[in-house]
Amino acid sequence: MCKTSIILWIANAAGPARSAAVKVAKSMECCDAAQSAWKTAKAALDLFRSDGHLNDRSWAQARVAEALATLAGGAWTTVRNRLQARTAFTFLDRLHAQLSQLPISPELRAALVRLGWLRHRSWGKHGVGSPFRVVNGHDGGAHGRCRDDR
């Protein structure tokens, strides 16, 4: 094989490789966008917002609506359906209803919420000071269980 034919062979092989690289890059961008959208939706299902306020239905639904635009495809169908279910945010409605029934002043209620947020933030995922601890090397995932130490 002469030098020219080797160069032509490399040039011809580079075209499909370049095309495959572009496809992989686009796929990774979609994966990163979906991961970011999932983090947004997951944060919307937390008790507290990042600013320390109690989460509420309207705020959570708005964050989930942002995320749903990116969570496309068959792999996300179940997640989308559950996030769009009428009962997905009922726990937030009940939380606010129960807090409003407490016979305490609004200032004390706000202070208790702030304290709860600070404790929640300092725990992280079952971190130091958490009332939960790891049992049998698992943190409560599908193959383990979390034990309440309280």
# chains A, B, ... in the order shown; residues from 1 in each chain; ligands from 1
$ residues_around --residues "Ala44 of chain A" --least-positions-apart "5" --cutoff "12 Å" --atoms "only C-alpha atoms" --output "PyMOL selection string"
chain A and resi 37-39+49-50+54-68+83+88-89+92
$ write_last_selection --atoms "C-alpha atoms" --output "tab-separated table (two decimals), in the first residue's frame"
chain	number	residue	atom	x	y	z
A	37	ALA	CA	-33.59	18.28	35.32
A	38	TRP	CA	-33.95	15.30	37.65
A	39	LYS	CA	-32.01	17.16	40.37
A	49	ARG	CA	-36.34	25.04	49.60
A	50	SER	CA	-32.68	25.94	49.32
A	54	LEU	CA	-40.91	25.42	53.71
A	55	ASN	CA	-41.70	24.04	50.31
A	56	ASP	CA	-45.25	24.54	49.04
A	57	ARG	CA	-47.31	23.06	46.24
A	58	SER	CA	-47.15	26.02	43.83
A	59	TRP	CA	-43.36	26.37	44.07
A	60	ALA	CA	-42.81	22.62	43.76
A	61	GLN	CA	-45.14	22.29	40.77
A	62	ALA	CA	-43.37	25.16	39.01
A	63	ARG	CA	-39.94	23.51	39.50
A	64	VAL	CA	-41.29	20.14	38.33
A	65	ALA	CA	-42.84	21.76	35.24
A	66	GLU	CA	-39.40	23.17	34.35
A	67	ALA	CA	-37.84	19.74	34.73
A	68	LEU	CA	-40.52	17.85	32.78
A	83	LEU	CA	-44.57	13.85	39.04
A	88	ALA	CA	-47.71	14.10	43.99
A	89	PHE	CA	-47.64	17.16	46.25
A	92	LEU	CA	-46.93	19.56	51.16
$ closest_atom_pairs --of "segment 39-100 of chain A" --to "segment 105-119 of chain A" --cutoff "8 Å" --atoms "only C-alpha atoms" --output "tab-separated table"
residue	atom	partner	partner_atom	distance
A:Phe48	CA	A:Trp117	CA	6.4
A:Gly52	CA	A:Trp117	CA	5.6
A:His53	CA	A:Val113	CA	7.4
A:Leu54	CA	A:Val113	CA	7.0
A:Leu99	CA	A:Arg109	CA	7.7
$ write_last_selection --atoms "N, CA and C atoms" --output "compact mmCIF listing (two decimals), in the first residue's frame"
# COMPACT_ATOMS: atom_id res chain seq x y z
N PHE A 48 -37.91 21.40 52.36
CA PHE A 48 -37.42 22.77 52.42
C PHE A 48 -36.86 23.18 51.08
N GLY A 52 -34.36 28.04 52.68
CA GLY A 52 -34.75 27.81 54.06
C GLY A 52 -36.24 27.87 54.32
N HIS A 53 -37.03 28.27 53.34
CA HIS A 53 -38.48 28.30 53.51
C HIS A 53 -39.05 26.90 53.34
N LEU A 54 -40.21 26.69 53.94
CA LEU A 54 -40.91 25.42 53.71
C LEU A 54 -41.37 25.38 52.26
N LEU A 99 -49.29 22.60 60.15
CA LEU A 99 -48.56 23.71 60.77
C LEU A 99 -49.49 24.87 61.12
$ closest_residue --among "A:Thr77, A:Ala21, A:Leu47, A:Leu71" --to "Gln35 of chain A" --atoms "only C-alpha atoms"
A:Leu71
